[in-house]
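Trainee: Here you go, one structure.
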Amino acid sequence: MSAASSSGAEPTHPAAVIFGCAGETLGAQERRFFADADPLGFILFGRNCREPRQVRDLVSALRDAVGRDDAPVLVDQEGGRVQRLGPPHWRRRAAWRSFGDMAAERGLDRAIETARIAARDIAGELADLGIDVNCLPLLDVPAPQGHAIIGDRAFSKDPDIVAALGRAVCEGLLSEGVIPVIKHIPGHGRATVDSHLALPAVDAPGEALEADFAPFRALRDMPWAMTAHVVYTAFDANAPATASRTVVESAIRGSIGFAGLLVSDDLCMRALTGGPGARARAALDAGCDVVLHCNGDLAEMRETMRGTGPMSDRAMARFGNGVALARRARLPVTAGD
């Protein structure tokens, strides 16, 4: 039993990690590992998703492995270049830049309502599969020299438009009971390299970063946020935000004021150094509540667990607050829905 011993001892918190899995079904070794490791939850990628019934079965198997019906299952279902669920079973989605363009051309109010409806539609597809967390919206503000990895995934170069559309997307997701994840806090838009491949460093002074922080500050009441694997030399010249206690405490929790569940971006990305266990420990020591390991490699997941302990009481409270918010925000089902 993963949550409590059969002797009647007090339940223990799940491990402070979210794992990917290898394929479309859960293998016996994976099932045993997840049962023993008891991660907080799981994340799905295109390799895991073939058609609706298969995805529902996989989601159920993952939750069964840890013995928790409330284990969160995440996905990056943005649209545009980042869409794990696609045709023919799921609708092809536009990149979010198109909503920023709509705001400029047809008015912000229209763009807000359209974004809210689009996000609710995405959330409906996810909820039907049992997926209850979407790593969306991006609140990054692209800079002229910024790398294309953000590009049209971002709403706009205007922080106010980013904040307004980001809130609309969060509201749309929550209306179907899906928890949004604002990313990549405190802002990836100035990074000149792709953090999947190398470590970006942003040398802008603190006052210049205020524009990057602004959308995150405006949505600091959201339940989850994902860190950026980016060095911000104004705060810490030696470590990316994910692994920097200074950035987490001074920028994310301090200046921005985010109080929800803080999850690292994928530990498998090349922006980070060291083995999986060391990466996990560095992120948790910096103040992340949960780490994210996505590639489904069983040996790496075992190594990650060496740097991971149980969720803290504070992290569990933040997780519970997000679940409660999604339940409160979910719109009632009416006849004909």
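So you can find residues: chains in the structure tokens are A, B, ... in the order shown, residues in each start at 1, and ligands are numbered from 1 in order.
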Could you pull the residues within 9 Å of segment 158-173 of chain A, counting only C-alpha atoms, minus those fewer than 6 positions along the same chain, as JSON, numbers by chain?

Mentor: {"A": [99, 100, 103, 108, 111, 112, 113, 114, 115, 116, 117, 118, 119, 120, 121, 122, 123, 124, 133, 134, 136, 137, 138, 139, 140, 141, 142, 179, 180, 181, 182, 211, 212, 213, 214, 215, 216, 217, 218, 219, 222, 326, 329, 330]}

Trainee: Show which residues sit within 8 Å of Thr227 of chain A, as a PyMOL selection string. Count only C-alpha atoms, and ignore same-chain residues fewer than 3 positions away.

Mentor: chain A and resi 183-186+241-242+262-265

Trainee: Please produce, as a Markdown table, a per-residue contact table for segment 262-334 of chain A versus segment 66-74 of chain A (criterion: any atom at most 12 Å away, only C-alpha atoms considered), showing the nearest atom pair and its distance in Å to one decimal, sorted by chain then residue number.

Mentor:
| residue | atom | partner | partner_atom | distance |
| --- | --- | --- | --- | --- |
| A:Val263 | CA | A:Leu74 | CA | 11.7 |
| A:Leu292 | CA | A:Leu74 | CA | 10.3 |
| A:His293 | CA | A:Leu74 | CA | 11.9 |
| A:Cys294 | CA | A:Leu74 | CA | 10.6 |
| A:Met316 | CA | A:Ala71 | CA | 11.9 |
| A:Phe319 | CA | A:Pro72 | CA | 9.6 |
| A:Gly320 | CA | A:Asp70 | CA | 10.0 |
| A:Gly322 | CA | A:Pro72 | CA | 10.7 |
| A:Val323 | CA | A:Asp70 | CA | 8.8 |
| A:Ala324 | CA | A:Asp70 | CA | 11.6 |

Trainee: I'd like the contact shell of segment 50-62 of chain A - 8 Å cut-off, only C-alpha atoms, skipping same-chain residues fewer than 5 positions apart - returned as a ChimeraX atom specification.

Mentor: /A:24-26,31,42,73,89,129-131

Trainee: Please list as a list in words every residue within 7 Å of Phe258 of chain A, counting only C-alpha atoms and excluding residues in the same chain fewer than 6 positions away.

Mentor: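 Final neighbour list, sorted by chain and number: Arg220, Asp221 and Ile252 of chain A.
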
Trainee: I need the strand (DSSP E or B) residues of segment 219-318 of chain A per DSSP on the backbone, written as a list of chain:residue names.

Mentor: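 Selection result, strand (DSSP E or B) within segment 219-318 of chain A: A:Trp224, A:Ala225, A:Met226, A:Thr227, A:Val231, A:Tyr232, A:Leu261, A:Leu262, A:Val263, A:Ser264, A:Asp265, A:Asp266, A:Val290, A:Val291, A:Leu292, A:His293, A:Pro310.
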
Trainee: Can you tell me, as JSON, numbers by chain, which residues in segment 27-274 of chain A count as helix (DSSP H, G or I) by DSSP?

Mentor: {"A": [28, 29, 30, 31, 32, 33, 34, 35, 36, 37, 46, 47, 48, 52, 53, 54, 55, 56, 57, 58, 59, 60, 61, 62, 63, 64, 65, 66, 97, 98, 99, 100, 101, 102, 103, 104, 105, 106, 108, 109, 110, 111, 112, 113, 114, 115, 116, 117, 118, 119, 120, 121, 122, 123, 124, 125, 126, 127, 128, 129, 151, 152, 153, 159, 160, 161, 162, 163, 164, 165, 166, 167, 168, 169, 170, 171, 172, 173, 174, 210, 211, 212, 213, 214, 215, 216, 217, 218, 241, 242, 243, 245, 246, 247, 248, 249, 250, 251, 252, 253, 254, 255, 256]}

Trainee: Ranking A:Val75, A:His147, A:Ala283, A:Pro276 by minimum distance to Met305 of chain A and counting only C-alpha atoms, which one comes first?

Mentor: A:Pro276

Trainee: Between atom CA of His188 of chain A and atom CA of Ala228 of chain A, what distance in Å does the model show, to one decimal?

Mentor: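 If I compute the distance from atom CA of His188 of chain A to atom CA of Ala228 of chain A, I get 6.2 Å.
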
Trainee: Tell me, as a PDB file with N, CA, C and O atoms, in the first residue's frame, which residues lie within 7 Å of Val202 of chain A, counting only C-alpha atoms; anything in the same chain fewer than 5 positions away does not count.

Mentor:
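New file result.pdb:
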ATOM      1  N   ARG A 190      13.279  36.164 -22.641  1.00  0.00           N
ATOM      2  CA  ARG A 190      14.553  36.780 -23.002  1.00  0.00           C
ATOM      3  C   ARG A 190      15.647  35.758 -23.314  1.00  0.00           C
ATOM      4  O   ARG A 190      16.729  36.138 -23.771  1.00  0.00           O
ATOM      5  N   ALA A 191      15.394  34.493 -23.041  1.00  0.00           N
ATOM      6  CA  ALA A 191      16.425  33.476 -23.243  1.00  0.00           C
ATOM      7  C   ALA A 191      16.789  33.370 -24.722  1.00  0.00           C
ATOM      8  O   ALA A 191      15.902  33.284 -25.586  1.00  0.00           O
ATOM      9  N   VAL A 231      19.169  31.085 -16.177  1.00  0.00           N
ATOM     10  CA  VAL A 231      19.928  31.868 -15.205  1.00  0.00           C
ATOM     11  C   VAL A 231      19.532  33.333 -15.335  1.00  0.00           C
ATOM     12  O   VAL A 231      19.514  33.875 -16.448  1.00  0.00           O
ATOM     13  N   TYR A 232      19.207  33.957 -14.217  1.00  0.00           N
ATOM     14  CA  TYR A 232      18.923  35.392 -14.173  1.00  0.00           C
ATOM     15  C   TYR A 232      20.024  36.023 -13.335  1.00  0.00           C
ATOM     16  O   TYR A 232      20.004  35.955 -12.100  1.00  0.00           O
ATOM     17  N   THR A 233      21.007  36.612 -14.009  1.00  0.00           N
ATOM     18  CA  THR A 233      22.196  37.081 -13.296  1.00  0.00           C
ATOM     19  C   THR A 233      21.886  38.201 -12.310  1.00  0.00           C
ATOM     20  O   THR A 233      22.644  38.414 -11.362  1.00  0.00           O
TER      21      THR A 233
END
